[in-house]
Amino acid sequence: MSLTELTGNPRHDRLLTLIAERGYMNIDELAQLLDVSTQTVRRDIRKLSDQGLITRHHGGAGRASSVVNTAFEQREVSLTQEKRAIAEAIADYIPDGSTIFITIGTTVEHVARALLNHNHLRIITNSLRVAHILYKNPRFEVMVPGGTLRPHNGGIIGPAATAFVAGFRADYLVTSMGAIESDGTLLEFDVNEASVVKTMMTYSRHILLAADHTKYHTSAAVEIGNASQSTALFTDEQPGPALQHLLKSSRVEIVPVTTSASEELTET
């Protein structure tokens, strides 16, 4: 059954499709796109949340875990060339002998693969998928926390994971994000995953942000920090003027990457 056939109600199906595509949407955006009142959207969100099809947030709605799972699998094969180019640039930036935090996500998994030729890395990650890429390298020390394992992305979350991360001081944090707003706000979809990322940001000397161009046009629910806190932003497309100005005034390096024009670019 496709996503557009889930409910039999065209408006509900459209709402589900929008949230599946964007990850999170606020009520005003949904009301405008669906051409209905905010009260109607609130009722729709409540009903669809009760059915387990979406997750209610204050002021909006996001993907439910079952939909996130599908979206994560789709993201594995989307924007692959951009993610690889970003990953290779980040790997080139990180010297041998570093201690690195790596978060959860398809882009940072590409970074993990790009790091495989490095020497003497200590990696602390709350992603089992990242750990699985790296742990067989005898030149690496790979550590993962205890906690609750997320079925849709292999992420480890919870108070134990946050406390474990707080015991280290990393030279670099490598992280992607759900969205970057024009004022530099970094957003994630899941409050539990956000807690670990925020702790990693606190205990990192340098924060390296991995962001393909879709991150500038997406919405998410949970703030994890601001791009002005970072050392560098690695991206396949220059951000908008407001964000560029913020990054330059905060002395954040913008590292543009290029991909082969012959490769087919696919977006979710």
# chains A, B, ... in the order shown; residues from 1 in each chain; ligands from 1
>>> residues_around(residues="Met25 of chain A", least_positions_apart="3", cutoff="9 Å", atoms="only C-alpha atoms", output="ChimeraX atom specification")
/A:18-19,22,28-30,59-62,218-221
>>> write_last_selection(atoms="C-alpha atoms", output="mmCIF file, in the first residue's frame")
data_model
loop_
_atom_site.group_PDB
_atom_site.id
_atom_site.type_symbol
_atom_site.label_atom_id
_atom_site.label_comp_id
_atom_site.auth_asym_id
_atom_site.auth_seq_id
_atom_site.Cartn_x
_atom_site.Cartn_y
_atom_site.Cartn_z
ATOM 1 C CA LEU A 18 3.670 16.413 3.107
ATOM 2 C CA ILE A 19 4.976 15.286 6.492
ATOM 3 C CA ARG A 22 9.485 17.236 4.888
ATOM 4 C CA ASP A 28 0.043 27.197 9.708
ATOM 5 C CA GLU A 29 2.016 25.700 6.810
ATOM 6 C CA LEU A 30 -0.328 22.733 6.623
ATOM 7 C CA GLY A 59 2.499 23.639 16.926
ATOM 8 C CA GLY A 60 2.810 20.955 14.293
ATOM 9 C CA ALA A 61 3.384 17.321 13.421
ATOM 10 C CA GLY A 62 6.238 15.043 12.374
ATOM 11 C CA THR A 218 13.185 21.715 5.433
ATOM 12 C CA SER A 219 11.464 22.161 8.801
ATOM 13 C CA ALA A 220 12.089 20.161 11.970
ATOM 14 C CA ALA A 221 10.834 20.315 15.522
#
>>> select_by_dssp(residues="segment 91-249 of chain A", states="strand (DSSP E)", output="JSON, numbers by chain")
{"A": [99, 100, 101, 102, 121, 122, 123, 124, 125, 140, 141, 142, 143, 148, 149, 156, 157, 170, 171, 172, 173, 174, 175, 179, 180, 185, 186, 187, 188, 204, 205, 206, 207, 208, 209, 210, 211, 222, 223, 224, 225, 226, 232, 233, 234, 235]}
>>> closest_residue(among="A:Ala227, A:Ala170, A:Ala232, A:Val36", to="Thr185 of chain A", atoms="only C-alpha atoms")
A:Ala227
>>> select_by_dssp(residues="segment 56-241 of chain A", states="helix (DSSP H, G or I)", output="PyMOL selection string")
chain A and resi 65-76+80-93+106-114+128-134+159-165+191-202+213-216+227-229+241
>>> atom_distance(atom1="atom CA of Leu246 of chain A", atom2="atom CA of Gln229 of chain A")
10.7 Å
>>> residues_around(residues="segment 192-199 of chain A", least_positions_apart="6", cutoff="6 Å", atoms="only C-alpha atoms", output="VMD selection string")
chain A and resid 157 162 224
>>> closest_atom_pairs(of="segment 170-213 of chain A", to="segment 99-119 of chain A", cutoff="7 Å", atoms="only C-alpha atoms", output="CSV")
residue,atom,partner,partner_atom,distance
A:Ala170,CA,A:Thr99,CA,5.0
A:Asp171,CA,A:Thr99,CA,5.3
A:Tyr172,CA,A:Ile100,CA,4.9
A:Leu173,CA,A:Phe101,CA,4.6
A:Val174,CA,A:Ile102,CA,5.0
A:Thr175,CA,A:Thr103,CA,5.4
A:Ser176,CA,A:Thr107,CA,6.7
A:Val197,CA,A:Thr103,CA,6.7
A:Met200,CA,A:Phe101,CA,6.7
>>> residues_around(residues="Pro241 of chain A", least_positions_apart="2", cutoff="12 Å", atoms="only C-alpha atoms", output="number ranges by chain")
A: 181-184, 216, 238-239, 243-248
>>> write_last_selection(atoms="N, CA and C atoms", output="PDB file, in the first residue's frame")
ATOM      1  N   GLU A 181      17.893  26.746   9.741  1.00  0.00           N
ATOM      2  CA  GLU A 181      17.100  27.937   9.424  1.00  0.00           C
ATOM      3  C   GLU A 181      18.022  29.101   9.085  1.00  0.00           C
ATOM      4  N   SER A 182      17.448  30.144   8.511  1.00  0.00           N
ATOM      5  CA  SER A 182      18.255  31.261   8.018  1.00  0.00           C
ATOM      6  C   SER A 182      18.968  32.012   9.139  1.00  0.00           C
ATOM      7  N   ASP A 183      18.481  31.880  10.388  1.00  0.00           N
ATOM      8  CA  ASP A 183      19.163  32.512  11.522  1.00  0.00           C
ATOM      9  C   ASP A 183      20.206  31.589  12.154  1.00  0.00           C
ATOM     10  N   GLY A 184      20.477  30.461  11.490  1.00  0.00           N
ATOM     11  CA  GLY A 184      21.496  29.538  11.965  1.00  0.00           C
ATOM     12  C   GLY A 184      21.000  28.446  12.884  1.00  0.00           C
ATOM     13  N   TYR A 216      18.366  23.456   3.890  1.00  0.00           N
ATOM     14  CA  TYR A 216      18.002  24.870   3.962  1.00  0.00           C
ATOM     15  C   TYR A 216      16.506  25.096   3.731  1.00  0.00           C
ATOM     16  N   GLN A 238      25.744  26.850  -1.624  1.00  0.00           N
ATOM     17  CA  GLN A 238      25.910  27.966  -0.693  1.00  0.00           C
ATOM     18  C   GLN A 238      24.582  28.285  -0.009  1.00  0.00           C
ATOM     19  N   PRO A 239      24.604  28.545   1.290  1.00  0.00           N
ATOM     20  CA  PRO A 239      23.358  28.925   1.972  1.00  0.00           C
ATOM     21  C   PRO A 239      22.890  30.301   1.530  1.00  0.00           C
ATOM     22  N   LEU A 243      22.044  33.500   6.202  1.00  0.00           N
ATOM     23  CA  LEU A 243      22.856  32.472   6.859  1.00  0.00           C
ATOM     24  C   LEU A 243      24.333  32.653   6.509  1.00  0.00           C
ATOM     25  N   GLN A 244      24.624  33.008   5.266  1.00  0.00           N
ATOM     26  CA  GLN A 244      26.018  33.271   4.887  1.00  0.00           C
ATOM     27  C   GLN A 244      26.602  34.390   5.737  1.00  0.00           C
ATOM     28  N   HIS A 245      25.833  35.461   5.924  1.00  0.00           N
ATOM     29  CA  HIS A 245      26.312  36.600   6.719  1.00  0.00           C
ATOM     30  C   HIS A 245      26.587  36.171   8.163  1.00  0.00           C
ATOM     31  N   LEU A 246      25.667  35.378   8.730  1.00  0.00           N
ATOM     32  CA  LEU A 246      25.846  34.897  10.099  1.00  0.00           C
ATOM     33  C   LEU A 246      27.120  34.070  10.216  1.00  0.00           C
ATOM     34  N   LEU A 247      27.314  33.157   9.287  1.00  0.00           N
ATOM     35  CA  LEU A 247      28.476  32.274   9.356  1.00  0.00           C
ATOM     36  C   LEU A 247      29.774  33.059   9.211  1.00  0.00           C
ATOM     37  N   LYS A 248      29.792  34.002   8.284  1.00  0.00           N
ATOM     38  CA  LYS A 248      31.010  34.799   8.085  1.00  0.00           C
ATOM     39  C   LYS A 248      31.297  35.664   9.296  1.00  0.00           C
TER      40      LYS A 248
END
>>> residues_around(residues="Val222 of chain A", least_positions_apart="4", cutoff="6 Å", atoms="only C-alpha atoms", output="PyMOL selection string")
chain A and resi 187-189+191
>>> write_last_selection(atoms="C-alpha atoms", output="short mmCIF file (atom, residue, chain, number, x, y, z; two decimals), in the first residue's frame")
data_model
loop_
_atom_site.label_atom_id
_atom_site.label_comp_id
_atom_site.auth_asym_id
_atom_site.auth_seq_id
_atom_site.Cartn_x
_atom_site.Cartn_y
_atom_site.Cartn_z
CA LEU A 187 16.95 21.50 14.13
CA GLU A 188 16.32 17.79 14.52
CA PHE A 189 13.14 15.70 14.31
CA VAL A 191 13.83 15.18 20.98
#
